[in-house]
Amino acid sequence: MSTLKGSGPQTFDGPTPDDALHEAAALQGRDTEPRHGKGKAAPMLAADGTPLKKSLRRALRAQKMRALLLIAPLLIFILVAFIAPIVDMLFRSVENEIVADTMPRTVVALRDYDADSGEVPGDAVFEAAYYDVFIAAERKLHTRLGTRLNYEQTGVSSLFRKSGRGLDDIGEVYQDQFKDLDGDWDKARPWAELMGDPEWIADQEAWDKDKDGSMPRFRLAEGISDLLPRTAEHYRIFARFAQVEEGDSPLKEEPWTAVHTALYQDLAEVDVSSYTGPGAERLKAADALVASPGFKTVNFKEAFAEIDRGWTEPAIWQTIRLYSPKYTSGYFLNAVDMEKTVDGIGMRDENERIYGLLFKRTMFMSLVITGSCILLGYPIAYLLSNLPVRTANLLMILVLLPFWTSLLVRTSAWKIMLQQQGVINDTLVWLGLVADDARLVMINNQLGTIIAMTHILLPFMILPMYSVMSTIPPYYVRAAKSLGATNWTTFWRVYFPQSVPGIGAGSILVFILAIGYYITPAIVGGTTGTFISNRIAYHISSSLNWGLAAALGTILLAAVLILYWAYDRIVGIDNVKLGG
Amino acid sequence: MKLTKTLMTTSALTVAAAAAFAASHGNMAGSMTLVSWGGAYQNSQTKAYAEPYMANNPGVSMTWDESSAEAVAKLRAMNEAGNITWDLVDVEAADAIRLCDEGLAMEIDHDEVLAAAPDGSSASDDFGDSIISDCFIPQIVFSTTVGYRTDLVGATPPTDICALFDLETYPGKRSLNKRPIANVEWALLCDGVPKDEIYEVLATPEGQDRALAKLGTIKDQVVWWSAGAETPQLLADGEVVMGSTYNGRLFSAIAEQNQPIGMLWDAQMLDYDGWIIPEGLPEDRLARVMDFLKFATDTQRLADQAAYISYGPARASSAPLVGTHAELGIEMAPHMPTDPANSQNVFVTQYDFWADYRDDLDAKFQSWLAQ
C-alpha cells in the first residue's frame with residue numbers, strides 16, 4: 001500500500017500537528033545547514049532550556065493524546081462491538097477444545113493407540129471412556145460432543161446419546177452388590193465420612209445457605225487418595241459437581257454410580273487391611289466381597305459393545321483421536337471440500353463437494369453483477385451530473401427510491417415480474433414473441449439472481465460515480481472539443497479517465513456487498529444461483545456448525561482482502577473517490 | 001437533599017409496589033417474552049393461550065418475538081453471552097432435541113409441570129409419543145404434505161404421493177423443500193422401497209444415492225422452497241401444479257382463500273411443534289413460565305387452538321373437544337393430520353435418524369442440488 005503514504009495527513013489542507021514538526025525540522029535545517037552542516041549545529045533551545053525539537057514533540061504528544069481521547073469512545077466501541085466479535089467468530093474455525101475438555105482421560109489413553117492398525121483400542125481406553133462419558137452425561141455435555149463429532153463421522157450423535165443413558169448400568173452392578181453387603185454404601189453421609197476431610201465435614205455441616213454464601217470447598221481426607229486413588233478422584237469430582245453445579249451438600253447426596261465402579265477397581269488392586277480411618281470395617285468387608293468368587297464384574301469393552309456396536313468399530317476411536325487436539329484444521333479442510341482421515345488429508349467424495357463450486361460461483365457472479373452495474377450505472381450517473389439541476393434531482397429521487405423500499409419487497413417484486421406465469425412472460429406471450437408452452441425461465445437460476453441483485457445494488461454504483469462526475473469541470477471537455485477532438489476522443493481521452501475513481505469506488509462497494517449477499521440469492525436463486533453466504537447462513541442458523549461457518553467466512557474475508565490488495569496494486573487505492 | 005428524599009420515596013414506593021405484585025402473584029415476574037413463528041400460527045396461540053391467560057391474570061404482559069426459525073442459533077448466542085431474554089420458545093421437535101442436547105433447554109418432569117387430562121390420566125400418558133425429549137412440551141401435530149392445482153391435473157386428480165414423480169400423468173413443475181427431509185423418504189417409497197425399510201436403506205450410501213437418483217428424474221421440473229409460504233403462493237400463481245408444504249398452509253389456501261387447490265394426505269410426514277424453556281431463567285421468571293405453561297397446554301387450550309389453525313392438538317384428550325373454525329364455522333376435525341381418515345399412511349419423523357444423518361445427507365443433497 002505504498003501509494004497510501006502519499007495521502008497521509010500532511011496532504012490535508014488544514015494544519016496538523018505533524019506539519020508543525022516538519023516545519024520545526026525544516027526551520028532547524030535552514031538555520032544550520034548552509035553554514036556548518038548537520039552534525040555540528042547547536043540545537044535550538046526553547047525558553048526553558050530544553051531543545052526546541054524535544055519540547056515541541058512533548059507539546060504535540062499531549063495534543064495527540066487529546067485527539068486520541070476524543071476518538072477513544074468510537075474506537076473502543078468499534079473494538080468491542082465489531083472487531084472483537086468478528087475475531088471471536090473467526091477463531092471458532094480452528095477451535096476444537098470440546099473433545100479434550102469433555103473426554104480428557106480418553107484423549108490421554110488414546111495417545112498410544114495406533115489409529116492405522118484398524119483394531120479396536122485396549123481396555124484402558126474403554127475404562128477412560130467410561131468415566132469420561134459418564135461424567136459428561138452427568139454434566140449434560142455428552143450430546144454436545146456427539147453433535148460435534150457427528151460433523152466428522154455420521155452416527156456419532158446417537159452413539160453418545162445412547163451411551164449417556166446406558167453407562168449407568170455398569171456402575172449399578174457394583175452399587176447393588178456393595179449395597180446388599182452394607183446399606184451404608186448407598187448413603188450420602190457414610191461416603192462423605194469415608195472420603196471427606198473431617199474439618200471440611202464440620203465446615204459443611206455448619207454452613208448456612210442464607211448466611212455464608214458459597215459452600216466450603218470439598219477436601220479429601222488425608223491419605224485416602226493414596227489408598228483408593230480412583231475412588232478418591234471420582235468422589236472428589238462428584239462432590240465438587242454437587243456443590244458447584246447443583247448447589248447440593250455432598251453430605252446429603254449419595255454419590256453417582258461411577259464412584260462405586262471406581263471403588264471396585266481400587267479394591268481389586270490394593271490392600272486396605274492397614275486402613276484405620278472412618279468406615280474401616282465397611283471397607284474391609286467390601287474388600288473381602290470383591291475378592292470373593294461370586295462377585296459380579298463388568299468388562300468395560302463388552303458393556304460398551306452392548307450399548308452400541310458402534311463402539312467396537314475402530315472408526316469412532318480414530319475420529320476421537322484425530323480430533324483430540326485443541327485446535328483443528330478440520331473445519332478449514334471441510335470448507336475447501338477436503339477431509340482428514342487416518343490416511344491423511346484428501347478430497348471429499350465427488351458427490352459431497354460443494355464449497356469450491358460455490359466459492360467460484362460467488363466470485364464469478366459478483367463480478368458479473370459488478371460489471372452489469374457499471375454498464376447500467378455509468379450512463380445514469382453521467383446524465384445525473386450533466387442535466388439541469390431540477391431534472392437531475394428528480395432522477396436522483398428515482399435512484400434513491402429503492403433504498404426506501406424493503407429489500408424483501410423489491411426481491412419479491414422481481415419474482416412476480418420474472419416467473420413463468422409472471423408479468424414479463426405474460427407480456428411476451430400476449431405479444432406473440434414467445435409460445436405459451438415455451439415460457440422463458442428467468443428466475444430460480446443464475447439469471448434471476450443477477451437481475452435482482454444488479455437492481456438492488458445499482459444505487460451503490462451510481463452514487464459514487466455521480467459524486468465524482470459532478471466534480472469534473474465541464475471546460476475540460478469544451479477545451480478538448482475546441483482543440484478539434486471528436487466526441488468519442490473527448491469522452492474516452494478526457495472525460496472517462498477523470499471518472500475512473502468513481503467507477504473504482506462503486507465497483508468495490510458493489511462487489512463487496514454482492515459477495516456477502518444471501519437473502520436475494522436465497523429467494524430468487526433456485527439451485528444454480530445461490531452463493532457461499534447461503535451456506536454460511538445455513539450453518540449458522542440451521543446446522544449449528546459454527547466452526548464450518550467461521551471457516552467459510554474466514555476464507556471469504558481473505559478472498560476479499562486479496563482482491564482489495566490486487567486492486568490497490570493494479571489501479572491504486574488513492575484512485576478511489578467517494579466524492580469530490 | 002430534597003432530591004435524595006424524592007428518590008428515596010420513589011424507590012421505597014417501587015419496592016412496595018413490587019412486593020405487593022409479588023405477594024399477589026406468588027413471586028412471579030409480571031412479563032414474559034414468548035418466541036414463535038409469527039403469522040397464522042402465532043395468532044392461534046395468542047387467541048387460544050395468551051389472551052385467556054391474560055384475562056385471568058390482569059397485569060401480566062406478554063411480548064412476542066417471531067424468531068422461532070433461528071431459535072437454536074439465537075439461544076446458543078444468548079447462552080454464550082450469559083443473558084437469556086426469552087422465557088418460552090416455540091420450536092420444532094428436532095430443534096427441541098438439539099437444544100436439549102446442547103444444554104440450552106431445561107429438562108422438565110412432564111407430570112409435575114403439566115396439567116393432567118380431565119379423566120385423571122397423567123400428562124405424560126396424555127401426550128404419549130409426542131414427548132420426544134425431556135425438554136419438549138408438545139403443542140401440535142403438523143404434517144408436511146402435498147397440495148395440487150385442481151384445474152391443472154386433468155381429469156384424475158392424484159391420490160398417492162408418487163404423483164410427484166409421475167411427469168407423464170401430471171406434467172408441470174413441482175415445488176419441494178430445499179432440505180432432504182421428507183423428499184428422500186418419498187423418493188425411496190416411490191422407488192419401490194417398502195415403507196418399514198426406508199430408514200434402513202437411507203442409512204447406506206447406496207440408499208442415499210438411490211433416493212437422489214429418483215429425485216433426479218424430476219430435478220429439472222422442481223422449484224425448491226425454503227419457506228412454508230412459498231408453495232401455496234406458487235400454486236396460486238399457477239407456477240407449479242403440485243408441491244409440498246405444511247398442512248395448515250394448504251388448509252388456509254383452500255378453505256380461507258378459496259384457491260383451486262386440493263391436497264393429498266398420503267405419506268404425510270408427521271412432526272411435532274411445542275415449547276421449550278430456556279435453561280438458566282431466574283426464579284421469578286421461571287415461576288411465571290411454569291404457571292403459563294400449565295394453563296396453555298391443558299386439554300381445553302390445545303383443543304381451542306384448533307379453531308384457528310388446522311394443526312392437531314398433541315394431547316389425546318383434546319381430540320374429542322376440537323370444534324369448529326372460529327370464523328368459517330366448518331368442522332375442524334376432518335382437517336387434522338391426525339384424523340383417522342387422513343392418517344392411513346403416515347411417516348413419523350425419525351428424530352434419531354435425522355440427528356445422525358442430517359449433516360451427511362444435507363451435504364450430499366446440497367452438492368447434488370448445486371450440480
# chains A, B, ... in the order shown; residues from 1 in each chain; ligands from 1
$ interface_residues --of "chain A" --to "chain B" --cutoff "9 Å" --atoms "only C-alpha atoms" --output "ChimeraX atom specification"
/A:139-147,150-159,161,350-355,357-358,419-422,444,522-523,526-530,540-544
$ residues_around --residues "region 327-330 of chain B" --least-positions-apart "3" --cutoff "12 Å" --atoms "only C-alpha atoms" --output "list in words"
Phe251, Ser252, Ala255, Glu256, Gln257, Asn258, Ala306, Ala307, Tyr308, Ile309, Ser310, Val322, Gly323, Thr324, Ala333, Pro334 and His335 of chain B
$ residues_around --residues "Val560 (chain A)" --least-positions-apart "5" --cutoff "9 Å" --atoms "only C-alpha atoms" --output "list in words"
Ile512, Ile515, Ile555 and Trp565 of chain A
$ select_by_dssp --residues "region 301-525 of chain A" --states "strand (DSSP E)" --output "VMD selection string"
chain A and resid 338 to 341 344 to 347
$ closest_residue --among "B:Pro337, B:Gly262, B:Gly172, B:Gly280" --to "Arg149 (chain B)" --atoms "only C-alpha atoms"
B:Gly262
$ closest_residue --among "B:Ile276, B:Ala117, B:Val153, B:Val184" --to "Ser318 (chain B)" --atoms "only C-alpha atoms"
B:Ala117
$ residues_around --residues "Ala115 (chain B)" --least-positions-apart "3" --cutoff "9 Å" --atoms "only C-alpha atoms" --output "PDB file with all heavy atoms, in the first residue's frame"
ATOM      1  N   HIS B 110     -42.652 -33.865  33.054  1.00  0.00           N
ATOM      2  CA  HIS B 110     -43.923 -33.507  32.419  1.00  0.00           C
ATOM      3  C   HIS B 110     -45.118 -33.672  33.350  1.00  0.00           C
ATOM      4  O   HIS B 110     -46.028 -32.854  33.346  1.00  0.00           O
ATOM      5  CB  HIS B 110     -44.109 -34.326  31.139  1.00  0.00           C
ATOM      6  CG  HIS B 110     -43.179 -33.918  30.045  1.00  0.00           C
ATOM      7  ND1 HIS B 110     -41.858 -34.297  30.014  1.00  0.00           N
ATOM      8  CD2 HIS B 110     -43.361 -33.119  28.969  1.00  0.00           C
ATOM      9  CE1 HIS B 110     -41.275 -33.761  28.956  1.00  0.00           C
ATOM     10  NE2 HIS B 110     -42.160 -33.044  28.303  1.00  0.00           N
ATOM     11  N   ASP B 111     -45.071 -34.741  34.159  1.00  0.00           N
ATOM     12  CA  ASP B 111     -46.233 -34.962  35.030  1.00  0.00           C
ATOM     13  C   ASP B 111     -46.345 -33.908  36.112  1.00  0.00           C
ATOM     14  O   ASP B 111     -47.432 -33.604  36.591  1.00  0.00           O
ATOM     15  CB  ASP B 111     -46.141 -36.354  35.667  1.00  0.00           C
ATOM     16  CG  ASP B 111     -46.379 -37.433  34.627  1.00  0.00           C
ATOM     17  OD1 ASP B 111     -47.078 -37.125  33.640  1.00  0.00           O
ATOM     18  OD2 ASP B 111     -45.869 -38.549  34.799  1.00  0.00           O
ATOM     19  N   GLU B 112     -45.204 -33.363  36.478  1.00  0.00           N
ATOM     20  CA  GLU B 112     -45.218 -32.392  37.554  1.00  0.00           C
ATOM     21  C   GLU B 112     -45.608 -31.004  37.039  1.00  0.00           C
ATOM     22  O   GLU B 112     -46.352 -30.270  37.669  1.00  0.00           O
ATOM     23  CB  GLU B 112     -43.810 -32.331  38.156  1.00  0.00           C
ATOM     24  CG  GLU B 112     -43.739 -31.780  39.555  1.00  0.00           C
ATOM     25  CD  GLU B 112     -42.316 -31.911  40.061  1.00  0.00           C
ATOM     26  OE1 GLU B 112     -41.887 -33.046  40.371  1.00  0.00           O
ATOM     27  OE2 GLU B 112     -41.630 -30.878  40.086  1.00  0.00           O
ATOM     28  N   PRO B 118     -58.469 -34.420  31.747  1.00  0.00           N
ATOM     29  CA  PRO B 118     -59.703 -34.332  32.542  1.00  0.00           C
ATOM     30  C   PRO B 118     -60.103 -35.676  33.160  1.00  0.00           C
ATOM     31  O   PRO B 118     -60.664 -35.720  34.253  1.00  0.00           O
ATOM     32  CB  PRO B 118     -60.753 -33.884  31.519  1.00  0.00           C
ATOM     33  CG  PRO B 118     -59.994 -33.290  30.398  1.00  0.00           C
ATOM     34  CD  PRO B 118     -58.656 -33.951  30.377  1.00  0.00           C
ATOM     35  N   SER B 122     -52.286 -39.158  33.557  1.00  0.00           N
ATOM     36  CA  SER B 122     -51.169 -38.232  33.726  1.00  0.00           C
ATOM     37  C   SER B 122     -50.822 -37.540  32.411  1.00  0.00           C
ATOM     38  O   SER B 122     -51.154 -38.031  31.330  1.00  0.00           O
ATOM     39  CB  SER B 122     -49.951 -38.987  34.239  1.00  0.00           C
ATOM     40  OG  SER B 122     -49.459 -39.794  33.207  1.00  0.00           O
ATOM     41  N   ALA B 123     -50.157 -36.398  32.532  1.00  0.00           N
ATOM     42  CA  ALA B 123     -49.801 -35.626  31.342  1.00  0.00           C
ATOM     43  C   ALA B 123     -48.950 -36.458  30.390  1.00  0.00           C
ATOM     44  O   ALA B 123     -49.151 -36.428  29.173  1.00  0.00           O
ATOM     45  CB  ALA B 123     -49.062 -34.361  31.745  1.00  0.00           C
ATOM     46  N   LEU B 293     -47.440 -22.180  31.353  1.00  0.00           N
ATOM     47  CA  LEU B 293     -47.371 -23.455  30.645  1.00  0.00           C
ATOM     48  C   LEU B 293     -48.478 -24.403  31.074  1.00  0.00           C
ATOM     49  O   LEU B 293     -49.102 -25.065  30.259  1.00  0.00           O
ATOM     50  CB  LEU B 293     -46.033 -24.124  30.941  1.00  0.00           C
ATOM     51  CG  LEU B 293     -44.966 -24.069  29.872  1.00  0.00           C
ATOM     52  CD1 LEU B 293     -43.792 -24.905  30.306  1.00  0.00           C
ATOM     53  CD2 LEU B 293     -45.506 -24.574  28.544  1.00  0.00           C
ATOM     54  N   LYS B 294     -48.694 -24.474  32.363  1.00  0.00           N
ATOM     55  CA  LYS B 294     -49.696 -25.398  32.889  1.00  0.00           C
ATOM     56  C   LYS B 294     -51.053 -25.061  32.284  1.00  0.00           C
ATOM     57  O   LYS B 294     -51.822 -25.935  31.905  1.00  0.00           O
ATOM     58  CB  LYS B 294     -49.749 -25.279  34.417  1.00  0.00           C
ATOM     59  CG  LYS B 294     -50.502 -26.405  35.073  1.00  0.00           C
ATOM     60  CD  LYS B 294     -50.143 -26.501  36.541  1.00  0.00           C
ATOM     61  CE  LYS B 294     -50.371 -27.898  37.055  1.00  0.00           C
ATOM     62  NZ  LYS B 294     -49.567 -28.222  38.208  1.00  0.00           N
ATOM     63  N   PHE B 295     -51.312 -23.747  32.179  1.00  0.00           N
ATOM     64  CA  PHE B 295     -52.575 -23.296  31.615  1.00  0.00           C
ATOM     65  C   PHE B 295     -52.605 -23.536  30.105  1.00  0.00           C
ATOM     66  O   PHE B 295     -53.568 -24.101  29.575  1.00  0.00           O
ATOM     67  CB  PHE B 295     -52.744 -21.808  31.927  1.00  0.00           C
ATOM     68  CG  PHE B 295     -53.930 -21.179  31.258  1.00  0.00           C
ATOM     69  CD1 PHE B 295     -55.194 -21.320  31.810  1.00  0.00           C
ATOM     70  CD2 PHE B 295     -53.780 -20.470  30.076  1.00  0.00           C
ATOM     71  CE1 PHE B 295     -56.299 -20.745  31.187  1.00  0.00           C
ATOM     72  CE2 PHE B 295     -54.876 -19.903  29.452  1.00  0.00           C
ATOM     73  CZ  PHE B 295     -56.143 -20.035  30.007  1.00  0.00           C
ATOM     74  N   THR B 297     -51.118 -25.500  28.090  1.00  0.00           N
ATOM     75  CA  THR B 297     -51.035 -26.833  27.492  1.00  0.00           C
ATOM     76  C   THR B 297     -52.071 -27.771  28.082  1.00  0.00           C
ATOM     77  O   THR B 297     -51.956 -28.977  27.944  1.00  0.00           O
ATOM     78  CB  THR B 297     -49.645 -27.448  27.701  1.00  0.00           C
ATOM     79  OG1 THR B 297     -49.392 -27.484  29.104  1.00  0.00           O
ATOM     80  CG2 THR B 297     -48.558 -26.633  27.027  1.00  0.00           C
ATOM     81  N   ASP B 298     -53.086 -27.203  28.735  1.00  0.00           N
ATOM     82  CA  ASP B 298     -54.102 -28.131  29.249  1.00  0.00           C
ATOM     83  C   ASP B 298     -55.023 -28.567  28.106  1.00  0.00           C
ATOM     84  O   ASP B 298     -54.961 -28.054  26.986  1.00  0.00           O
ATOM     85  CB  ASP B 298     -54.850 -27.535  30.450  1.00  0.00           C
ATOM     86  CG  ASP B 298     -55.769 -26.387  30.067  1.00  0.00           C
ATOM     87  OD1 ASP B 298     -55.959 -26.170  28.858  1.00  0.00           O
ATOM     88  OD2 ASP B 298     -56.277 -25.707  30.968  1.00  0.00           O
ATOM     89  N   THR B 299     -55.850 -29.549  28.387  1.00  0.00           N
ATOM     90  CA  THR B 299     -56.641 -30.189  27.339  1.00  0.00           C
ATOM     91  C   THR B 299     -57.501 -29.188  26.563  1.00  0.00           C
ATOM     92  O   THR B 299     -57.534 -29.198  25.332  1.00  0.00           O
ATOM     93  CB  THR B 299     -57.531 -31.268  27.993  1.00  0.00           C
ATOM     94  OG1 THR B 299     -56.671 -32.196  28.656  1.00  0.00           O
ATOM     95  CG2 THR B 299     -58.356 -31.984  26.972  1.00  0.00           C
TER      96      THR B 299
END
$ select_by_dssp --residues "region 150-266 of chain B" --states "alpha helix (DSSP H)" --output "PyMOL selection string"
chain B and resi 183-190+198-202+205-216+230-237+247-251
$ closest_residue --among "B:Gln139, B:Asn57, B:Ser36, B:Gln300" --to "Val89 (chain B)" --atoms "only C-alpha atoms"
B:Ser36
$ closest_residue --among "B:Pro138, B:Pro58, B:Pro340, B:Pro180" --to "Gln208 (chain B)" --atoms "only C-alpha atoms"
B:Pro180
